[in-house]
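Below is one structure, written out as structure tokens, with a few remarks after it.
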Amino acid sequence: MRNIISGFLVLCLAVISACSPDKGKEFHIFYLGGQSNMDGFGYVSELPDYLKEPMQDVYIFHGNTNPDDIVSDGKGIWTILRPGHGAGFTSNGTGNSYSDRFGCELSFAHKIKELNSGLNIAIIKYSKGGTSIDGEAARNFGSWDPDYKDGKGINQYDHFLSVVEKAMAEKDIDGDGYEDKLIVAGIIWMQGESDADVTEEIASRYYDNLHNLMQLIRSALGSDDIPIVIGRISDSGNDPSGMVWEHGDIVRNAQEMFVEDDPMAAIVTATDNYGYSDPWHYDSEGFIDLGEQFAIKLDSLGI
């Protein structure tokens, strides 16, 4: 079933790219995924003025989060990007309920626009806090393992596919009455903490798990060489043992190896310098910088 859905997404992307009328806009699409530091725990009340207002020329499809083993529905809608797409955001497929939190999406979009004047930006976001790639680290949060239950179960990878299918099925994302051309231009991935705090064996599988998942996400989005930028996990040190992620260095090294081996991948390491609002999540200033660093790294790969 997953192969069928992935093939359908590729076909949809090809049709969307080939058939858009001249009056429609050309949008560069960026997928944002991962776990809670992609969800975003920055406080909207602490945003600088230039990020507080809706971005009239940037659109986002933020997929509603679901746990593993729940039928995927891909719920979400294309709307103008505004604050509130952080932890606690929900969508019922006809409207959005915004939270008092934000993630990297705001500063990412702002910086990409600054670096690429005239580029029309659209974001697809689907992430879920606490999720691992490895199924053995899923616990009650969920996993992105494409082979979950021997490929017969439903998990975060399936929810991602459903969200992308729904988002790409919309032919007029800005609602101006003309069919738009959608070009997938990049993948932003912030995840790995949950694979780093169970066992050394699970953490040691992270390189292979990340590589396999990124290739599948690329394929589902229509191309095997879509640029990828990942955020390197860091540690607040706010734990009785001194480290929150016991095997964090193994995952960090795996992330570095991934970008070294992939010419179309880059890594954000500024996370080492961020402050934290709790033991697990960056503070507002950190999320703002994270988005900017993602944009700079992605721009360096060529979009």
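Just remember, in the structure tokens the first chain shown is A, the second B, etc., residues are 1-based per chain, and ligands are 1-based in the order shown.
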
Under the rule of at most 8 Å, produce a per-residue listing of region 35-95 of chain A near region 180-204 of chain A: chain, number, name, the closest pair of atoms, and the distance in Å, as JSON lines, using only C-alpha atoms.
{"residue": "A:Gln35", "atom": "CA", "partner": "A:Gln191", "partner_atom": "CA", "distance": 5.2}
{"residue": "A:Ser36", "atom": "CA", "partner": "A:Gln191", "partner_atom": "CA", "distance": 7.8}
{"residue": "A:Asn37", "atom": "CA", "partner": "A:Met190", "partner_atom": "CA", "distance": 6.4}
{"residue": "A:Met38", "atom": "CA", "partner": "A:Met190", "partner_atom": "CA", "distance": 5.5}

Based on the selection just made, write N, CA and C atoms of those residues as a short mmCIF file (atom, residue, chain, number, x, y, z; two decimals), in the first residue's frame.
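New file selection.cif:
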data_model
loop_
_atom_site.label_atom_id
_atom_site.label_comp_id
_atom_site.auth_asym_id
_atom_site.auth_seq_id
_atom_site.Cartn_x
_atom_site.Cartn_y
_atom_site.Cartn_z
N GLN A 35 10.40 15.70 15.16
CA GLN A 35 9.74 15.54 16.44
C GLN A 35 9.56 16.90 17.11
N SER A 36 9.59 16.98 18.44
CA SER A 36 9.06 18.17 19.12
C SER A 36 9.82 19.46 18.83
N ASN A 37 11.13 19.39 18.59
CA ASN A 37 11.82 20.63 18.26
C ASN A 37 11.54 21.08 16.84
N MET A 38 10.84 20.25 16.06
CA MET A 38 10.25 20.72 14.81
C MET A 38 8.83 21.21 15.07
#

Residues of region 75-275 of chain A classed as strand (DSSP E) by DSSP on the backbone are to be reported as a PyMOL selection string. chain A and resi 78-81+90-91+96-97+101-102+120-127+181-190+228-231+265-268

State, in Å with one decimal place, the distance from CA of Ile60 (chain A) to CA of Trp78 (chain A). 5.5 Å

Members of region 141-288 of chain A assigned alpha helix (DSSP H) by DSSP, as an MDAnalysis selection string: chainID A and resid 156:169 200:204 206:220 248:261 284:288

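Pairwise distance (CA of Gly248 (chain A), CA of Leu221 (chain A)) equals 29.2 Å.
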
For the contact check between region 61-107 of chain A and region 149-165 of chain A, emit one row per residue of region 61-107 of chain A within 8 Å, containing the shortest atom pair and the distance in Å rounded to one decimal, counting only C-alpha atoms, chain then rising number order, as a tab-separated table.
residue	atom	partner	partner_atom	distance
A:Gly63	CA	A:Val163	CA	5.6
A:Thr65	CA	A:His159	CA	8.0
A:Asn66	CA	A:His159	CA	7.2
A:Pro67	CA	A:Asn155	CA	7.0
A:Asp68	CA	A:Asn155	CA	4.2
A:Asp69	CA	A:Ile154	CA	4.8
A:Ile70	CA	A:Ile154	CA	6.6
A:Val71	CA	A:Ile154	CA	6.9
A:Ser72	CA	A:His159	CA	5.2
A:Asp73	CA	A:Ser162	CA	6.2
A:Gly74	CA	A:Val163	CA	3.9
A:Lys75	CA	A:Val163	CA	6.7
A:Gly76	CA	A:Val163	CA	7.3

Find the spatial neighbours of region 289-301 of chain A, counting only C-alpha atoms, within a cut-off of 7 Å - ignore same-chain residues fewer than 6 positions away - and output them as a PyMOL selection string. chain A and resi 104-105+107-108+111-112+227+229+264+266+268

Which of A:Met243, A:Asn238, A:Asp147, A:Gly175 sits closest to Gly275 (chain A) [using only C-alpha atoms]: A:Asn238

Just the residues within 8 Å of Ile77 (chain A), please, counting only C-alpha atoms, with nothing from its chain fewer than 5 positions along; format it as a list of chain:residue names. A:Ile60, A:Phe61, A:His62, A:Gly63, A:Ser91, A:Gly93, A:Thr94, A:Gly95, A:Asn96, A:Ala167

Keeping N, CA and C atoms, export the residues of the selection given above as a JSON list (two decimals), in the first residue's frame.
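That gives us part31.json:
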[["chain", "number", "residue", "atom", "x", "y", "z"],
["A", 60, "ILE", "N", 1.08, 27.71, 4.00],
["A", 60, "ILE", "CA", 1.47, 26.52, 4.74],
["A", 60, "ILE", "C", 0.30, 25.54, 4.82],
["A", 61, "PHE", "N", 0.62, 24.26, 4.66],
["A", 61, "PHE", "CA", -0.31, 23.16, 4.90],
["A", 61, "PHE", "C", 0.26, 22.40, 6.09],
["A", 62, "HIS", "N", -0.34, 22.60, 7.26],
["A", 62, "HIS", "CA", 0.16, 21.98, 8.49],
["A", 62, "HIS", "C", -0.74, 20.79, 8.81],
["A", 63, "GLY", "N", -0.22, 19.59, 8.60],
["A", 63, "GLY", "CA", -1.01, 18.39, 8.80],
["A", 63, "GLY", "C", -1.32, 18.11, 10.26],
["A", 91, "SER", "N", -5.65, 20.85, 13.25],
["A", 91, "SER", "CA", -6.48, 21.17, 12.10],
["A", 91, "SER", "C", -7.53, 20.08, 11.93],
["A", 93, "GLY", "N", -9.22, 19.90, 9.02],
["A", 93, "GLY", "CA", -9.36, 19.77, 7.57],
["A", 93, "GLY", "C", -10.19, 20.85, 6.93],
["A", 94, "THR", "N", -10.90, 21.64, 7.73],
["A", 94, "THR", "CA", -11.66, 22.79, 7.21],
["A", 94, "THR", "C", -11.23, 24.08, 7.88],
["A", 95, "GLY", "N", -10.60, 23.98, 9.03],
["A", 95, "GLY", "CA", -10.10, 25.15, 9.74],
["A", 95, "GLY", "C", -8.96, 24.76, 10.66],
["A", 96, "ASN", "N", -8.19, 25.75, 11.10],
["A", 96, "ASN", "CA", -7.06, 25.51, 11.98],
["A", 96, "ASN", "C", -7.32, 26.09, 13.36],
["A", 167, "ALA", "N", -2.09, 17.72, 0.55],
["A", 167, "ALA", "CA", -1.55, 19.04, 0.23],
["A", 167, "ALA", "C", -1.32, 19.20, -1.27]]

If we count only C-alpha atoms, what is near Pro279 (chain A) at a cut-off of 9 Å, once residues fewer than 5 positions away on the same chain are taken out, given as an NGL selection string? :A and (235-239 or 244)

Output the selection as a CSV table (one decimal), in the first residue's frame - C-alpha atoms for each residue.
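Output (again37.csv):
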chain,number,residue,atom,x,y,z
A,235,ASP,CA,21.6,18.5,25.0
A,236,SER,CA,20.5,20.9,27.7
A,237,GLY,CA,22.4,19.0,30.3
A,238,ASN,CA,19.4,19.5,32.6
A,239,ASP,CA,19.2,16.0,34.0
A,244,VAL,CA,19.2,14.2,28.8

Leaving out Asp57 (chain A) and any residue of its chain fewer than 3 positions from it, which residues lie within 10 Å of it when counting only C-alpha atoms, given as number ranges by chain? A: 54, 80-81, 109, 113, 118-122, 174

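In this comparison, which uses only C-alpha atoms, the residue of A:Thr271, A:Asn116, A:Gln56, A:Thr79 approaching Ile303 (chain A) most closely is A:Asn116.
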
Which one of A:Phe102, A:Tyr126, A:Tyr274, A:Tyr207 sits closest to Val259 (chain A) if you count only C-alpha atoms?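 Between A:Phe102, A:Tyr126, A:Tyr274, A:Tyr207, the residue approaching Val259 (chain A) most closely is A:Tyr207.
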